[in-house]
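Q: query-v6.cif is reproduced in full below (mmCIF, C-alpha atoms and all ligand atoms).
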```
data_run
#
loop_
_atom_site.label_atom_id
_atom_site.label_comp_id
_atom_site.auth_asym_id
_atom_site.auth_seq_id
_atom_site.Cartn_x
_atom_site.Cartn_y
_atom_site.Cartn_z
CA MET A 1 -14.24 -0.10 13.33
CA LYS A 2 -11.76 1.83 11.25
CA ASP A 3 -13.09 4.93 9.54
CA LEU A 4 -12.10 4.24 5.93
CA SER A 5 -12.46 7.90 5.01
CA ARG A 6 -9.69 8.67 7.53
CA ASP A 7 -6.74 6.96 6.06
CA PHE A 8 -5.17 9.02 3.32
CA SER A 9 -1.44 9.69 3.51
CA LEU A 10 1.33 11.26 1.49
CA TYR A 11 4.77 9.66 1.23
CA ILE A 12 7.51 12.01 0.04
CA HIS A 13 10.86 10.54 -1.01
CA ILE A 14 14.14 12.42 -0.59
CA PRO A 15 16.84 10.22 -2.18
CA PHE A 16 20.03 11.97 -1.00
CA CYS A 17 22.50 10.73 1.63
CA VAL A 18 25.90 11.83 2.93
CA SER A 19 27.29 8.47 1.84
CA LYS A 20 25.90 5.06 1.00
CA CYS A 21 25.72 2.59 3.89
CA ALA A 22 27.19 -0.87 3.22
CA TYR A 23 23.87 -2.73 3.66
CA CYS A 24 21.45 -0.34 2.00
CA ASP A 25 19.59 -0.97 -1.23
CA PHE A 26 17.03 1.79 -0.79
CA LEU A 27 16.74 4.27 -3.64
CA SER A 28 19.29 6.78 -2.35
CA PHE A 29 22.63 8.17 -3.42
CA ALA A 30 25.51 10.27 -2.21
CA ASP A 31 25.70 12.46 -5.32
CA ARG A 32 23.79 15.57 -4.32
CA SER A 33 24.59 17.70 -7.34
CA CYS A 34 20.99 17.66 -8.58
CA MET A 35 19.34 18.39 -5.22
CA ALA A 36 18.08 21.88 -6.19
CA LYS A 37 16.63 20.55 -9.47
CA TYR A 38 15.12 17.61 -7.61
CA PHE A 39 13.11 19.88 -5.33
CA VAL A 40 11.86 21.94 -8.28
CA ALA A 41 10.63 18.71 -9.93
CA LEU A 42 9.20 17.35 -6.66
CA CYS A 43 7.23 20.55 -6.00
CA GLU A 44 5.86 20.47 -9.55
CA GLU A 45 4.86 16.82 -9.12
CA ILE A 46 3.10 17.67 -5.86
CA LYS A 47 1.17 20.50 -7.52
CA ALA A 48 0.16 18.30 -10.47
CA LYS A 49 -0.88 15.28 -8.39
CA GLY A 50 -2.70 17.37 -5.80
CA LYS A 51 -5.11 18.69 -8.43
CA GLY A 52 -8.57 17.30 -7.86
CA VAL A 53 -7.66 15.43 -4.67
CA LYS A 54 -10.34 16.27 -2.13
CA ALA A 55 -9.55 13.80 0.66
CA PRO A 56 -7.91 15.46 3.63
CA VAL A 57 -4.43 14.22 4.41
CA ASP A 58 -4.07 12.31 7.70
CA HIS A 59 -0.34 11.59 7.61
CA ILE A 60 2.72 12.79 5.76
CA TYR A 61 5.84 10.66 5.85
CA VAL A 62 9.01 12.27 4.52
CA GLY A 63 11.47 9.42 4.05
CA GLY A 64 14.64 8.63 2.24
CA GLY A 65 17.43 8.76 1.83
CA THR A 66 18.15 11.45 4.36
CA PRO A 67 15.52 14.20 4.43
CA SER A 68 17.42 16.07 7.17
CA LEU A 69 20.15 16.83 4.62
CA ALA A 70 17.71 18.89 2.57
CA TYR A 71 16.35 21.30 5.20
CA GLU A 72 16.99 24.36 3.01
CA TYR A 73 14.28 23.14 0.66
CA PHE A 74 11.61 22.57 3.32
CA PRO A 75 9.94 26.01 2.86
CA ALA A 76 9.42 25.36 -0.88
CA LEU A 77 8.16 21.85 -0.15
CA LYS A 78 5.71 23.14 2.45
CA LYS A 79 4.41 25.79 0.06
CA ALA A 80 3.77 23.16 -2.62
CA ILE A 81 1.99 20.81 -0.19
CA ASP A 82 -0.12 23.54 1.42
CA GLY A 83 -1.15 24.85 -1.99
CA SER A 84 -2.14 21.40 -3.27
CA PHE A 85 -3.60 19.37 -0.37
CA THR A 86 -5.78 19.96 2.67
CA LEU A 87 -4.17 18.65 5.82
CA ARG A 88 -6.18 17.59 8.84
CA ALA A 89 -5.52 19.88 11.81
CA ASP A 90 -4.11 16.90 13.72
CA ALA A 91 -2.19 15.37 10.80
CA GLU A 92 0.92 13.43 11.73
CA ILE A 93 3.97 14.75 9.89
CA SER A 94 6.88 12.31 10.27
CA MET A 95 10.37 12.85 8.98
CA GLU A 96 13.43 10.60 8.80
CA CYS A 97 16.75 12.07 9.80
CA ASN A 98 20.32 10.89 10.22
CA PRO A 99 22.53 11.89 13.17
CA GLU A 100 25.20 13.75 11.17
CA SER A 101 22.62 16.16 9.72
CA VAL A 102 20.59 16.79 12.87
CA THR A 103 21.56 20.39 13.54
CA PRO A 104 19.74 23.38 15.08
CA ALA A 105 19.12 24.62 11.52
CA PHE A 106 17.47 21.32 10.58
CA VAL A 107 15.35 21.35 13.76
CA ALA A 108 14.16 24.91 13.06
CA ALA A 109 13.31 24.08 9.43
CA ALA A 110 11.53 20.85 10.41
CA LYS A 111 9.44 22.67 13.01
CA ALA A 112 8.52 25.39 10.52
CA PHE A 113 7.53 22.60 8.08
CA GLY A 114 5.16 21.23 10.72
CA VAL A 115 7.06 18.04 11.54
CA ASN A 116 5.64 16.56 14.74
CA ARG A 117 7.38 13.16 14.69
CA VAL A 118 11.02 12.47 13.89
CA SER A 119 12.72 9.17 13.17
CA LEU A 120 16.47 8.96 13.78
CA GLY A 121 18.59 6.25 12.15
CA VAL A 122 20.88 5.15 14.96
CA GLN A 123 21.29 1.42 14.10
CA THR A 124 23.77 0.76 16.94
CA LEU A 125 25.79 2.80 19.42
CA SER A 126 28.92 0.66 18.94
CA ASP A 127 31.56 2.69 17.06
CA PRO A 128 33.28 -0.40 15.55
CA LEU A 129 29.91 -1.72 14.29
CA LEU A 130 28.91 1.68 12.87
CA LYS A 131 32.18 1.63 10.95
CA THR A 132 31.61 -1.92 9.68
CA ILE A 133 28.20 -1.01 8.26
CA GLY A 134 29.51 2.21 6.73
CA ARG A 135 27.42 4.71 8.67
CA ALA A 136 28.41 8.36 8.40
CA HIS A 137 27.98 8.93 12.16
CA ASP A 138 29.57 7.72 15.39
CA ARG A 139 28.10 7.11 18.84
CA LYS A 140 28.81 10.65 20.04
CA THR A 141 27.03 12.20 17.05
CA ALA A 142 24.04 9.88 17.49
CA LEU A 143 23.66 10.80 21.16
CA ALA A 144 24.02 14.54 20.44
CA ALA A 145 21.31 14.22 17.78
CA LEU A 146 19.05 12.29 20.14
CA ASP A 147 19.52 14.96 22.76
CA LEU A 148 18.64 17.77 20.34
CA LEU A 149 15.63 15.93 18.93
CA THR A 150 14.15 14.92 22.28
CA ARG A 151 14.46 18.51 23.51
CA ASN A 152 12.51 19.73 20.48
CA PHE A 153 10.00 17.02 19.54
CA SER A 154 7.60 15.07 21.74
CA SER A 155 7.47 12.10 19.35
CA VAL A 156 10.84 10.58 18.56
CA ASN A 157 11.68 7.20 17.03
CA ALA A 158 15.09 5.55 16.87
CA ASP A 159 15.89 2.89 14.25
CA VAL A 160 18.15 0.07 15.41
CA MET A 161 19.43 -3.02 13.66
CA VAL A 162 20.23 -6.50 14.96
CA GLY A 163 22.23 -9.28 13.33
CA LEU A 164 25.04 -6.95 12.23
CA PRO A 165 28.41 -8.61 11.46
CA GLY A 166 30.13 -9.33 14.77
CA GLN A 167 27.32 -7.80 16.86
CA THR A 168 27.09 -9.30 20.36
CA LYS A 169 24.30 -9.56 22.93
CA GLU A 170 26.19 -6.96 24.98
CA ASP A 171 26.14 -4.51 22.03
CA VAL A 172 22.38 -4.86 21.63
CA THR A 173 21.76 -4.56 25.37
CA GLU A 174 23.98 -1.50 25.75
CA THR A 175 22.49 0.27 22.72
CA LEU A 176 18.93 -0.30 23.92
CA ASN A 177 19.73 0.61 27.53
CA VAL A 178 21.17 3.95 26.45
CA LEU A 179 18.48 4.70 23.85
CA THR A 180 15.60 3.94 26.23
CA SER A 181 17.14 6.26 28.84
CA TYR A 182 16.18 9.15 26.50
CA PRO A 183 12.58 10.39 26.36
CA ILE A 184 11.77 8.63 23.08
CA ASN A 185 8.41 6.94 22.51
CA HIS A 186 9.14 4.61 19.58
CA ILE A 187 11.82 2.15 18.47
CA SER A 188 11.98 0.31 15.16
CA CYS A 189 14.18 -2.77 15.45
CA TYR A 190 15.13 -4.36 12.14
CA SER A 191 16.97 -7.62 11.56
CA LEU A 192 19.72 -7.10 9.00
CA ILE A 193 18.74 -8.23 5.53
CA LEU A 194 21.75 -8.93 3.32
CA GLU A 195 20.61 -7.33 0.08
CA GLU A 196 22.20 -8.57 -3.12
CA GLY A 197 24.37 -5.94 -4.76
CA THR A 198 25.39 -4.23 -1.52
CA PRO A 199 29.01 -4.21 -0.22
CA LEU A 200 27.92 -6.11 2.90
CA PHE A 201 26.36 -8.85 0.78
CA ALA A 202 29.61 -9.16 -1.20
CA ALA A 203 31.64 -9.29 2.04
CA ALA A 204 29.41 -12.12 3.31
CA GLU A 205 29.85 -13.96 -0.01
CA ARG A 206 33.62 -13.65 0.39
CA GLY A 207 33.28 -15.21 3.83
CA GLU A 208 34.54 -12.08 5.61
CA PHE A 209 32.01 -12.62 8.37
CA ALA A 210 29.84 -15.49 9.47
CA VAL A 211 26.12 -15.27 8.77
CA ASP A 212 24.29 -16.85 11.69
CA ASP A 213 20.51 -16.59 11.31
CA ASP A 214 19.81 -18.35 14.61
CA PHE A 215 21.97 -15.88 16.50
CA ALA A 216 20.22 -12.99 14.71
CA VAL A 217 16.88 -14.38 15.98
CA ASP A 218 18.37 -14.56 19.49
CA LEU A 219 19.40 -10.91 19.22
CA TYR A 220 15.91 -9.93 18.05
CA ASP A 221 14.35 -11.85 20.98
CA LEU A 222 16.77 -10.14 23.35
CA ALA A 223 15.79 -6.74 21.92
CA CYS A 224 12.06 -7.58 22.38
CA GLU A 225 12.71 -8.55 25.99
CA LYS A 226 14.77 -5.40 26.76
CA LEU A 227 12.21 -3.14 25.11
CA LYS A 228 9.34 -4.74 26.98
CA LYS A 229 11.15 -4.16 30.27
CA ALA A 230 11.68 -0.53 29.29
CA GLY A 231 7.92 -0.10 28.75
CA PHE A 232 7.78 -0.42 24.94
CA CYS A 233 5.00 -2.60 23.50
CA ARG A 234 5.47 -4.37 20.20
CA TYR A 235 2.64 -3.48 17.81
CA GLU A 236 4.22 -4.75 14.59
CA ILE A 237 7.00 -7.26 13.86
CA SER A 238 9.72 -4.57 13.94
CA ASN A 239 7.97 -1.71 15.73
CA PHE A 240 7.65 -0.90 19.43
CA CYS A 241 6.09 2.10 21.12
CA LYS A 242 5.34 3.60 24.51
CA ASN A 243 1.94 4.95 25.56
CA GLY A 244 0.30 4.06 22.23
CA ALA A 245 2.62 6.35 20.21
CA VAL A 246 2.40 4.29 17.02
CA CYS A 247 3.63 5.61 13.68
CA GLY A 248 0.29 6.68 12.20
CA TYR A 249 1.56 6.58 8.63
CA ASN A 250 2.96 3.05 8.83
CA LEU A 251 -0.07 1.82 10.74
CA SER A 252 -2.31 3.22 8.04
CA VAL A 253 -0.31 1.37 5.35
CA TRP A 254 -0.55 -1.91 7.30
CA GLN A 255 -4.29 -1.31 7.69
CA TYR A 256 -4.64 -0.97 3.94
CA GLY A 257 -4.98 2.80 3.87
CA GLU A 258 -4.48 4.84 0.71
CA TYR A 259 -1.28 6.75 0.07
CA LEU A 260 0.09 8.92 -2.65
CA GLY A 261 3.84 8.53 -3.19
CA LEU A 262 5.68 11.61 -4.39
CA GLY A 263 9.30 11.76 -5.48
CA LEU A 264 11.78 9.50 -7.25
CA GLY A 265 10.69 5.84 -7.25
CA ALA A 266 7.80 6.51 -4.85
CA SER A 267 4.81 4.15 -4.96
CA SER A 268 1.16 4.95 -4.43
CA PHE A 269 -1.78 2.78 -3.49
CA LEU A 270 -5.22 4.03 -4.45
CA ARG A 271 -7.52 1.41 -2.91
CA SER A 272 -10.76 2.94 -4.15
CA LYS A 273 -9.46 2.64 -7.74
CA SER A 274 -7.62 -0.68 -7.15
CA LEU A 275 -4.43 0.92 -8.48
CA ARG A 276 -0.78 0.71 -7.55
CA LEU A 277 1.42 3.32 -9.18
CA LYS A 278 5.20 3.50 -9.18
CA ASN A 279 7.22 6.56 -10.12
CA THR A 280 10.30 6.18 -12.29
CA LYS A 281 13.55 5.32 -10.54
CA GLU A 282 15.58 7.09 -13.24
CA THR A 283 16.72 10.46 -11.93
CA SER A 284 17.10 12.01 -15.40
CA VAL A 285 13.57 10.92 -16.43
CA TYR A 286 12.15 12.17 -13.14
CA LEU A 287 13.87 15.55 -13.37
CA SER A 288 13.10 16.22 -17.02
CA SER A 289 9.40 15.37 -16.65
CA ASN A 290 8.77 16.69 -13.12
CA GLY A 291 7.88 13.16 -12.10
CA SER A 292 5.23 12.65 -14.76
CA ALA A 293 7.11 10.25 -17.09
CA GLY A 294 8.06 6.62 -16.63
CA GLN A 295 5.32 5.84 -14.13
CA THR A 296 4.03 2.26 -14.01
CA VAL A 297 0.36 1.64 -13.33
CA GLU A 298 -0.85 -1.70 -12.05
CA GLN A 299 -4.49 -2.68 -11.69
CA VAL A 300 -4.71 -4.84 -8.56
CA SER A 301 -7.28 -7.61 -8.77
CA LYS A 302 -9.66 -8.28 -5.88
CA GLU A 303 -7.87 -11.60 -5.16
CA GLU A 304 -4.53 -9.81 -4.94
CA GLN A 305 -6.04 -7.18 -2.68
CA VAL A 306 -7.40 -9.82 -0.31
CA LYS A 307 -3.91 -11.32 -0.04
CA GLU A 308 -2.31 -7.92 0.48
CA PHE A 309 -4.84 -6.97 3.16
CA VAL A 310 -4.17 -10.18 5.08
CA MET A 311 -0.37 -10.03 4.66
CA LEU A 312 -0.22 -6.44 5.87
CA GLY A 313 -2.79 -6.84 8.65
CA LEU A 314 -1.17 -9.93 10.14
CA ARG A 315 2.11 -8.08 10.60
CA LEU A 316 0.32 -6.23 13.39
CA GLU A 317 0.21 -7.67 16.88
CA GLU A 318 -3.54 -6.82 17.03
CA GLY A 319 -4.00 -8.47 13.63
CA MET A 320 -6.59 -7.55 11.04
CA ASP A 321 -10.01 -6.04 11.52
CA LEU A 322 -12.67 -8.42 10.22
CA ALA A 323 -15.37 -5.77 9.90
CA VAL A 324 -13.08 -3.59 7.77
CA PHE A 325 -12.28 -6.65 5.65
CA LYS A 326 -15.99 -7.20 5.03
CA GLN A 327 -16.56 -3.52 4.36
CA ILE A 328 -13.84 -3.48 1.67
CA PHE A 329 -14.33 -6.91 0.06
CA GLY A 330 -18.00 -7.60 0.70
CA PHE A 331 -17.63 -11.09 2.22
CA ASP A 332 -16.92 -12.60 5.60
CA PHE A 333 -13.29 -13.71 6.04
CA LEU A 334 -13.99 -16.28 8.77
CA GLU A 335 -16.76 -17.90 6.72
CA LYS A 336 -14.74 -18.14 3.52
CA TYR A 337 -11.51 -19.34 5.19
CA ALA A 338 -13.18 -21.37 7.99
CA GLU A 339 -11.36 -24.62 7.20
CA ARG A 340 -7.92 -23.06 7.00
CA VAL A 341 -8.48 -20.99 10.14
CA LYS A 342 -9.51 -24.18 11.95
CA LYS A 343 -6.38 -25.98 10.74
CA LEU A 344 -4.15 -23.15 11.95
CA GLU A 345 -6.12 -22.42 15.15
CA LYS A 346 -3.17 -23.10 17.49
CA THR A 347 -1.11 -20.35 15.83
CA LEU A 348 -3.91 -17.77 15.63
CA VAL A 349 -5.87 -15.59 18.00
CA VAL A 350 -9.41 -15.33 16.63
CA THR A 351 -12.20 -13.18 18.09
CA PRO A 352 -15.45 -12.19 16.39
CA SER A 353 -13.86 -8.85 15.41
CA ARG A 354 -10.19 -9.66 14.73
CA ILE A 355 -7.78 -12.34 13.64
CA ALA A 356 -4.12 -12.18 14.65
CA ILE A 357 -1.04 -14.40 14.76
CA ALA A 358 -0.34 -15.58 18.31
CA PRO A 359 2.76 -13.68 19.54
CA GLU A 360 4.74 -16.90 20.14
CA TYR A 361 4.30 -17.79 16.44
CA PHE A 362 5.30 -14.36 15.09
CA TYR A 363 8.67 -15.70 13.98
CA VAL A 364 6.96 -18.05 11.51
CA SER A 365 4.32 -15.54 10.42
CA ASN A 366 5.23 -15.84 6.74
CA THR A 367 4.52 -19.58 6.76
CA ILE A 368 1.22 -19.07 8.58
CA ILE A 369 0.09 -16.38 6.13
CA GLN A 370 1.03 -18.65 3.20
CA GLU A 371 -1.06 -21.50 4.62
CA LEU A 372 -3.95 -19.19 5.39
CA ILE A 373 -4.50 -17.48 2.07
CA PHE A 374 -2.29 -18.87 -0.70
C1 LIG B 401 14.56 3.88 4.75
S1 LIG B 401 15.91 3.66 5.82
C2 LIG B 401 16.29 5.37 5.82
C3 LIG B 401 16.48 6.05 7.11
C4 LIG B 401 17.73 6.87 7.25
N1 LIG B 401 18.30 7.27 6.04
C5 LIG B 401 18.76 6.07 8.00
O1 LIG B 401 19.53 5.37 7.38
O2 LIG B 401 18.79 6.19 9.19
C6 LIG B 401 15.04 3.23 7.27
C7 LIG B 401 15.67 2.15 8.07
O3 LIG B 401 15.66 0.92 7.43
C8 LIG B 401 16.60 0.06 8.04
N2 LIG B 401 17.31 -0.67 6.98
C9 LIG B 401 17.81 -0.17 5.83
N3 LIG B 401 18.40 -1.15 5.12
C10 LIG B 401 18.26 -2.30 5.83
C11 LIG B 401 18.67 -3.67 5.64
N4 LIG B 401 19.34 -4.06 4.57
N5 LIG B 401 18.32 -4.58 6.61
C12 LIG B 401 17.64 -4.21 7.70
N6 LIG B 401 17.25 -2.95 7.93
C13 LIG B 401 17.55 -2.00 7.02
C14 LIG B 401 17.54 0.95 8.86
O4 LIG B 401 17.30 0.74 10.23
C15 LIG B 401 17.10 2.35 8.46
O5 LIG B 401 17.24 3.26 9.51
S1 LIG B 402 21.61 6.81 5.30
FE1 LIG B 402 19.76 5.49 5.25
S2 LIG B 402 18.97 5.64 3.17
FE2 LIG B 402 21.05 6.51 3.17
S3 LIG B 402 22.35 4.84 2.54
FE3 LIG B 402 22.29 4.79 4.77
S4 LIG B 402 20.55 3.40 5.31
FE4 LIG B 402 20.37 3.95 3.15
#
```
Represent the structure from my file as structure tokens, please.

A:
Amino acid sequence: MKDLSRDFSLYIHIPFCVSKCAYCDFLSFADRSCMAKYFVALCEEIKAKGKGVKAPVDHIYVGGGTPSLAYEYFPALKKAIDGSFTLRADAEISMECNPESVTPAFVAAAKAFGVNRVSLGVQTLSDPLLKTIGRAHDRKTALAALDLLTRNFSSVNADVMVGLPGQTKEDVTETLNVLTSYPINHISCYSLILEEGTPLFAAAERGEFAVDDDFAVDLYDLACEKLKKAGFCRYEISNFCKNGAVCGYNLSVWQYGEYLGLGLGASSFLRSKSLRLKNTKETSVYLSSNGSAGQTVEQVSKEEQVKEFVMLGLRLEEGMDLAVFKQIFGFDFLEKYAERVKKLEKTLVVTPSRIAIAPEYFYVSNTIIQELIF
């Protein structure tokens, strides 16, 4: 059973990018004029929020945005974290990076920071597609970055996307063939989501490219098949790894672990207090208050928590741990939901210790989860 005292993580948000990609609605921007001030505020926030926290940190995830752009600030960030939190000796420290800012200087700074897992946003190795989605890198830059990272880190992830405008089966196959020829141990494969307000969404609205959801599913299935052949096991809807090299931070979130979000717009989940906190998304408010103003605090009811636990746990191929469920909520899931589980039995894999969605029904997991607990 999961050791509930071993699941405390920090998420640190770095909201700066070289340019804004055409599909992205993450909290990130190309204006880097306030980067120095941002790190002063972030370090102050870390010091303030670390006060009184006794739990040792199991994972740190530095995400963005593009953390690799900000390598000059890593020493100050490390000092603030080390002075405010106790890290487990074997803590996973993951960092996102983008090809155009993966340089020897970044690698040296990341190593000095303690990074032991890097995640590279490749998306595709097709130059025309990279252009269409507004990435700041090309194929050559992505491969050079992959080469540098795999020579310096033993745990490397590559992000890829399927369902891009005009993307073919050959593009997906070629990208995955080349990526899996590098010594990487993790691939995240995301289906494009057209987010309202992004240039790609507007282009789709104008009919500049055809949106074909069925073909996007075919591309995802093709990616699953290619990755399986290359020795990568799927452990979550979009995540595949070799030799059990899961992303500890993400796994902890899916297993309902606690995390403290630091930085602009970062969210925290404090399970033991039933609280979800969200930092302000307003840069000026964040900077002027060192991240202390504009935070929203939400008390999460037990019913909501049950739903969240199930929704997160059933994203995992291994499903959710029934003993952990009982330990957190104090009742037996299979007893309480017996009728619904029976009704959905064809789509589920149920053992005395776990409940999971059968892999062949993963593509309708949202419907199954709805019928199970809503
Ligand atoms: C938080 S983003 C930041 C990582 C890094 N800045 C980058 O772009 O490579 C992490 C990943 O989410 C995926 N992503 C972002 N927007 C998406 C969208 N609209 N649809 C599908 N995947 C998306 C991309 O694969 C991206 O690498
Ligand atoms: S680099 Fe990453 S975070 Fe930045 S705009 Fe592109 S997808 Fe978004």

Q: List the neighbours of Gln295 (chain A) out to 10 Å using only C-alpha atoms; skip same-chain residues closer than 6 positions along the sequence, and give me the result as number ranges by chain.

A: A: 265-267, 277-281, 285-286

Q: Using only C-alpha atoms, which of A:Glu318, A:Glu236, A:Glu174, A:Glu92 sits nearest Tyr249 (chain A)?

A: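 Nearest to Tyr249 (chain A): A:Glu92.
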
Q: Check which residues fall inside 10 Å of ligand LIG 402 (chain B) when counting all atoms listed in the file, and print them as a PyMOL selection string.

A: chain A and resi 14-30+63-67+96-100+120-123+133-137

Q: With C-alpha atoms kept, could you save the residues just selected as a PDB file, keeping the file's coordinate frame?

A:
```
ATOM      1  CA  ILE A  14      14.140  12.420  -0.590  1.00  0.00           C
ATOM      2  CA  PRO A  15      16.840  10.220  -2.180  1.00  0.00           C
ATOM      3  CA  PHE A  16      20.030  11.970  -1.000  1.00  0.00           C
ATOM      4  CA  CYS A  17      22.500  10.730   1.630  1.00  0.00           C
ATOM      5  CA  VAL A  18      25.900  11.830   2.930  1.00  0.00           C
ATOM      6  CA  SER A  19      27.290   8.470   1.840  1.00  0.00           C
ATOM      7  CA  LYS A  20      25.900   5.060   1.000  1.00  0.00           C
ATOM      8  CA  CYS A  21      25.720   2.590   3.890  1.00  0.00           C
ATOM      9  CA  ALA A  22      27.190  -0.870   3.220  1.00  0.00           C
ATOM     10  CA  TYR A  23      23.870  -2.730   3.660  1.00  0.00           C
ATOM     11  CA  CYS A  24      21.450  -0.340   2.000  1.00  0.00           C
ATOM     12  CA  ASP A  25      19.590  -0.970  -1.230  1.00  0.00           C
ATOM     13  CA  PHE A  26      17.030   1.790  -0.790  1.00  0.00           C
ATOM     14  CA  LEU A  27      16.740   4.270  -3.640  1.00  0.00           C
ATOM     15  CA  SER A  28      19.290   6.780  -2.350  1.00  0.00           C
ATOM     16  CA  PHE A  29      22.630   8.170  -3.420  1.00  0.00           C
ATOM     17  CA  ALA A  30      25.510  10.270  -2.210  1.00  0.00           C
ATOM     18  CA  GLY A  63      11.470   9.420   4.050  1.00  0.00           C
ATOM     19  CA  GLY A  64      14.640   8.630   2.240  1.00  0.00           C
ATOM     20  CA  GLY A  65      17.430   8.760   1.830  1.00  0.00           C
ATOM     21  CA  THR A  66      18.150  11.450   4.360  1.00  0.00           C
ATOM     22  CA  PRO A  67      15.520  14.200   4.430  1.00  0.00           C
ATOM     23  CA  GLU A  96      13.430  10.600   8.800  1.00  0.00           C
ATOM     24  CA  CYS A  97      16.750  12.070   9.800  1.00  0.00           C
ATOM     25  CA  ASN A  98      20.320  10.890  10.220  1.00  0.00           C
ATOM     26  CA  PRO A  99      22.530  11.890  13.170  1.00  0.00           C
ATOM     27  CA  GLU A 100      25.200  13.750  11.170  1.00  0.00           C
ATOM     28  CA  LEU A 120      16.470   8.960  13.780  1.00  0.00           C
ATOM     29  CA  GLY A 121      18.590   6.250  12.150  1.00  0.00           C
ATOM     30  CA  VAL A 122      20.880   5.150  14.960  1.00  0.00           C
ATOM     31  CA  GLN A 123      21.290   1.420  14.100  1.00  0.00           C
ATOM     32  CA  ILE A 133      28.200  -1.010   8.260  1.00  0.00           C
ATOM     33  CA  GLY A 134      29.510   2.210   6.730  1.00  0.00           C
ATOM     34  CA  ARG A 135      27.420   4.710   8.670  1.00  0.00           C
ATOM     35  CA  ALA A 136      28.410   8.360   8.400  1.00  0.00           C
ATOM     36  CA  HIS A 137      27.980   8.930  12.160  1.00  0.00           C
TER      37      HIS A 137
END
```

Q: Can you tell me, as a list in words, what residues are no more than 10 Å from Met161 (chain A) when counting all atoms listed in the file, ignoring any on the same chain fewer than 5 positions away?

A: Gly121, Val122, Gln123, Thr124, Gln167, Val172, Ser188, Cys189, Tyr190, Ser191, Leu192, Ile193, Leu219, Tyr220, Ala223 and Ser238 of chain A

Q: Have a look at A:Ala356, A:Val57, A:Leu194, A:Leu143 and name the one nearest to ligand LIG 401 (chain B); count only C-alpha atoms and all ligand atoms.

A: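 The answer is A:Leu194, which sits nearest to ligand LIG 401 (chain B).
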